[in-house]
$ cat final.txt   # compact mmCIF, C-alpha atoms
# COMPACT_ATOMS: atom_id res chain seq x y z
CA MET K 1 44.00 0.06 70.04
CA ARG K 2 41.59 -0.84 67.25
CA GLU K 3 43.03 -4.33 66.95
CA LEU K 4 42.76 -4.94 70.69
CA GLN K 5 39.18 -3.64 70.87
CA ARG K 6 38.27 -5.40 67.62
CA VAL K 7 37.81 -8.65 69.55
CA ILE K 8 34.48 -7.23 70.78
CA GLY K 9 33.29 -6.28 67.29
CA ARG K 10 34.31 -9.61 65.79
CA GLU K 11 32.43 -11.49 68.53
CA ALA K 12 29.37 -9.24 68.19
CA ARG K 13 29.25 -9.85 64.44
CA ALA K 14 29.53 -13.63 64.84
CA GLN K 15 26.91 -13.74 67.60
CA ILE K 16 24.33 -11.58 65.80
CA LEU K 17 24.69 -13.70 62.65
CA GLU K 18 24.33 -16.90 64.67
CA ILE K 19 21.33 -15.72 66.70
CA GLU K 20 19.44 -13.55 64.20
CA GLN K 21 20.71 -15.07 60.94
CA ARG K 22 21.36 -11.55 59.64
CA LEU K 23 23.39 -8.43 60.22
CA PRO K 24 22.01 -5.67 62.43
CA ASP K 25 20.45 -2.54 60.98
CA ALA K 26 22.73 -0.42 63.18
CA VAL K 27 25.75 -0.67 65.44
CA ILE K 28 25.92 2.03 68.09
CA ALA K 29 28.88 2.83 70.34
CA CYS K 30 30.05 5.70 72.51
CA VAL K 31 33.01 7.73 71.28
CA GLY K 32 35.49 9.56 73.48
CA GLY K 33 38.97 8.87 72.18
CA GLY K 34 37.26 6.22 70.09
CA SER K 35 39.05 2.92 70.76
CA ASN K 36 36.00 0.94 71.92
CA ALA K 37 33.85 2.26 69.09
CA ILE K 38 36.39 1.67 66.33
CA GLY K 39 36.90 -1.88 67.58
CA MET K 40 33.14 -2.45 67.49
CA PHE K 41 32.69 -0.83 64.08
CA TYR K 42 35.65 -2.35 62.25
CA ASP K 43 34.21 -5.75 61.27
CA PHE K 44 30.90 -4.13 60.26
CA THR K 45 32.55 -1.40 58.15
CA PRO K 46 32.42 -3.32 54.83
CA ASP K 47 28.67 -3.94 55.25
CA ALA K 48 27.08 -0.81 53.76
CA GLU K 49 23.61 -1.87 54.94
CA VAL K 50 24.73 -1.61 58.59
CA ARG K 51 24.55 1.94 59.95
CA LEU K 52 27.50 2.82 62.16
CA ILE K 53 26.53 5.39 64.79
CA GLY K 54 29.04 6.90 67.17
CA VAL K 55 27.74 8.81 70.17
CA GLU K 56 29.77 11.63 71.65
CA ALA K 57 29.13 13.46 74.90
CA ALA K 58 27.47 16.76 74.06
CA GLY K 59 30.20 18.68 75.89
CA ALA K 60 33.03 16.78 74.21
CA ALA K 61 31.87 16.40 70.61
CA SER K 62 35.12 16.70 68.69
CA LEU K 63 33.60 15.00 65.63
CA GLY K 64 30.42 17.03 65.73
CA SER K 65 31.81 20.47 66.48
CA GLY K 66 35.57 20.09 66.29
CA ARG K 67 38.14 21.13 63.74
CA ALA K 68 41.18 19.53 62.14
CA GLY K 69 44.31 19.59 64.24
CA VAL K 70 47.08 17.53 65.80
CA LEU K 71 46.90 16.11 69.32
CA HIS K 72 49.22 13.47 70.76
CA GLY K 73 50.88 13.03 67.38
CA ALA K 74 47.77 12.30 65.34
CA ARG K 75 45.93 14.58 62.93
CA SER K 76 42.22 14.29 63.57
CA SER K 77 39.17 16.25 64.66
CA LEU K 78 39.69 18.20 67.89
CA LEU K 79 38.05 20.68 70.18
CA ALA K 80 40.33 23.63 69.54
CA ASP K 81 40.08 27.38 69.13
CA GLU K 82 41.00 29.31 65.98
CA ASP K 83 44.65 29.40 67.13
CA GLY K 84 44.74 25.61 67.51
CA GLN K 85 44.73 25.68 71.32
CA ILE K 86 42.94 22.68 72.81
CA LEU K 87 39.61 23.50 74.47
CA ASP K 88 38.16 21.88 77.57
CA ALA K 89 35.82 18.95 77.08
CA HIS K 90 33.08 18.05 79.54
CA SER K 91 31.03 14.93 80.20
CA ILE K 92 29.52 13.28 83.25
CA SER K 93 31.57 10.31 82.07
CA ALA K 94 35.30 10.64 82.57
CA GLY K 95 35.83 8.16 79.72
CA LEU K 96 34.25 10.54 77.20
CA ASP K 97 35.77 13.72 78.60
CA TYR K 98 38.46 14.05 75.90
CA PRO K 99 39.02 16.87 73.38
CA GLY K 100 39.98 14.66 70.42
CA VAL K 101 39.25 11.41 68.69
CA GLY K 102 41.19 8.76 66.80
CA PRO K 103 41.78 9.66 63.14
CA GLU K 104 39.94 6.58 61.85
CA HIS K 105 36.69 8.01 63.23
CA ALA K 106 37.33 11.31 61.45
CA PHE K 107 37.85 9.32 58.24
CA LEU K 108 34.60 7.37 58.73
CA ARG K 109 32.76 10.63 59.34
CA ASP K 110 34.33 12.40 56.37
CA THR K 111 33.55 9.52 53.99
CA GLY K 112 30.00 9.22 55.30
CA ARG K 113 30.46 5.61 56.40
CA ALA K 114 29.68 6.44 60.03
CA HIS K 115 27.40 9.03 61.52
CA TYR K 116 28.18 10.77 64.80
CA VAL K 117 25.60 12.24 67.16
CA THR K 118 25.64 13.68 70.65
CA CYS K 119 24.05 12.81 73.96
CA THR K 120 23.65 15.06 76.99
CA ASP K 121 24.57 14.07 80.53
CA GLU K 122 20.89 13.99 81.45
CA GLU K 123 20.01 11.65 78.55
CA ALA K 124 22.88 9.33 79.47
CA LEU K 125 21.75 9.22 83.10
CA ALA K 126 18.18 8.40 82.05
CA ALA K 127 19.43 5.54 79.84
CA PHE K 128 21.68 4.33 82.67
CA HIS K 129 18.73 4.15 85.07
CA ARG K 130 16.48 2.53 82.48
CA LEU K 131 18.89 -0.35 81.79
CA CYS K 132 19.43 -0.86 85.52
CA ARG K 133 15.67 -0.94 86.13
CA THR K 134 14.59 -3.06 83.15
CA GLU K 135 17.51 -5.51 82.75
CA GLY K 136 19.41 -5.40 86.04
CA ILE K 137 22.55 -4.40 84.15
CA VAL K 138 24.64 -1.51 85.48
CA PRO K 139 26.27 0.00 82.38
CA ALA K 140 29.22 2.37 82.34
CA LEU K 141 28.24 6.00 81.92
CA GLU K 142 30.19 5.98 78.65
CA SER K 143 28.00 3.21 77.26
CA SER K 144 24.88 4.93 78.60
CA HIS K 145 25.41 7.58 75.93
CA ALA K 146 25.12 4.90 73.23
CA LEU K 147 22.10 3.38 74.98
CA ALA K 148 20.31 6.74 74.92
CA ARG K 149 20.69 7.02 71.14
CA ALA K 150 19.69 3.37 70.66
CA LEU K 151 16.40 4.20 72.39
CA ASP K 152 15.84 6.96 69.79
CA SER K 153 16.77 4.82 66.80
CA ASP K 154 14.26 3.68 64.21
CA ALA K 155 16.38 0.60 63.51
CA GLU K 156 14.72 -2.75 64.14
CA LEU K 157 17.84 -4.72 65.11
CA ILE K 158 20.60 -2.82 66.93
CA VAL K 159 23.91 -3.90 68.41
CA VAL K 160 25.01 -1.58 71.22
CA CYS K 161 28.56 -1.69 72.53
CA LEU K 162 28.44 -1.87 76.33
CA SER K 163 32.09 -1.08 76.78
CA GLY K 164 32.31 -1.25 80.54
CA ARG K 165 30.70 -1.87 83.89
CA GLY K 166 29.00 0.92 85.76
CA ASP K 167 30.10 0.04 89.27
CA LYS K 168 32.95 2.53 88.88
CA ASP K 169 30.37 5.24 88.10
CA LEU K 170 27.96 4.67 90.98
CA ALA K 171 29.34 7.51 93.12
CA GLU K 172 28.85 9.92 90.21
CA VAL K 173 25.35 8.63 89.45
CA LEU K 174 24.23 8.64 93.09
CA GLY K 175 25.55 12.19 93.47
CA GLN K 176 23.21 13.43 90.71
$ encode --input "final.txt" --output "structure tokens"
Amino acid sequence: MRELQRVIGREARAQILEIEQRLPDAVIACVGGGSNAIGMFYDFTPDAEVRLIGVEAAGAASLGSGRAGVLHGARSSLLADEDGQILDAHSISAGLDYPGVGPEHAFLRDTGRAHYVTCTDEEALAAFHRLCRTEGIVPALESSHALARALDSDAELIVVCLSGRGDKDLAEVLGQ
């Protein structure tokens, strides 16, 4: 999955260098299972001056509050109890509602190369509405988590991975 999603990160890197003539201070992406984020991060990983920030749903933060375990054949960080039984994950975004994450994200966290933070449903909804109102872009609820943390960031130049369109999420958003 990383190699498929990496197309986005490679393009983002080339475009930011062309437009700004420098690398960003931070790259921010939402993390559920982690494929979009790892694709975005990969080509920026060698650049130590670029902060990599993954944003998990507060109710599905396997990197932030999980433990080591095996799910779907991969050892990584999971939401699991002391007996190793998988716990329920929750997010307003179905795409982030997953109790585990790809092992490459756990490695980036453990080595300190990437930092992972959380975002509540309410914060994601506020960021969703703000982007709609200010830019006319309807982001996916997944990406709205990353947008919320980008708004908090002290970085001057940020690349945010908008990993999907929000038209699929309108029923959920309008129901809130």
$ closest_residue --input "final.txt" --among "K:His90, K:Arg13, K:Arg75, K:His105" --to "Gly34 in chain K" --atoms "only C-alpha atoms"
K:His105
$ closest_residue --input "final.txt" --among "K:Gly54, K:Tyr42, K:Gly102, K:Leu141" --to "Leu71 in chain K" --atoms "all atoms listed in the file"
K:Gly102
$ axis_aligned_box --input "final.txt" --around "range 35-42 of chain K" --padding-each-side "6 Å" --output "AutoDock Vina command-line options"
--center_x 35.9 --center_y 0.2 --center_z 67.1 --size_x 18.4 --size_y 17.4 --size_z 21.7
$ closest_residue --input "final.txt" --among "K:Cys161, K:Leu131, K:Leu147, K:Ile16" --to "Ser35 in chain K" --atoms "all atoms listed in the file"
K:Cys161
$ residues_around --input "final.txt" --residues "Ala89 in chain K" --least-positions-apart "2" --cutoff "9 Å" --atoms "only C-alpha atoms" --output "PyMOL selection string"
chain K and resi 57+59-62+79+87+91+96-100
$ closest_residue --input "final.txt" --among "K:Gln85, K:Ala80, K:Leu157, K:Val55" --to "Ser144 in chain K" --atoms "all atoms listed in the file"
K:Val55
$ atom_distance --input "final.txt" --atom1 "CA of Val159 in chain K" --atom2 "CA of Pro24 in chain K"
6.5 Å
$ closest_residue --input "final.txt" --among "K:Arg51, K:Leu174, K:Ser65, K:Arg6" --to "Gly112 in chain K" --atoms "all atoms listed in the file"
K:Arg51
$ atom_distance --input "final.txt" --atom1 "CA of Ala155 in chain K" --atom2 "CA of Glu20 in chain K"
14.5 Å
$ residues_around --input "final.txt" --residues "Asp47 in chain K" --least-positions-apart "3" --cutoff "12 Å" --atoms "all atoms listed in the file" --output "PyMOL selection string"
chain K and resi 13+22-27+41-44+50-52+113-114
$ closest_residue --input "final.txt" --among "K:Ala106, K:Gln5, K:Ala171, K:Gly66" --to "Leu78 in chain K" --atoms "only C-alpha atoms"
K:Gly66
$ atom_distance --input "final.txt" --atom1 "CA of Ser77 in chain K" --atom2 "CA of Thr111 in chain K"
13.8 Å
$ residues_around --input "final.txt" --residues "Arg165 in chain K" --least-positions-apart "6" --cutoff "8 Å" --atoms "all atoms listed in the file" --output "list in words"
Val138, Pro139 and Ala140 of chain K
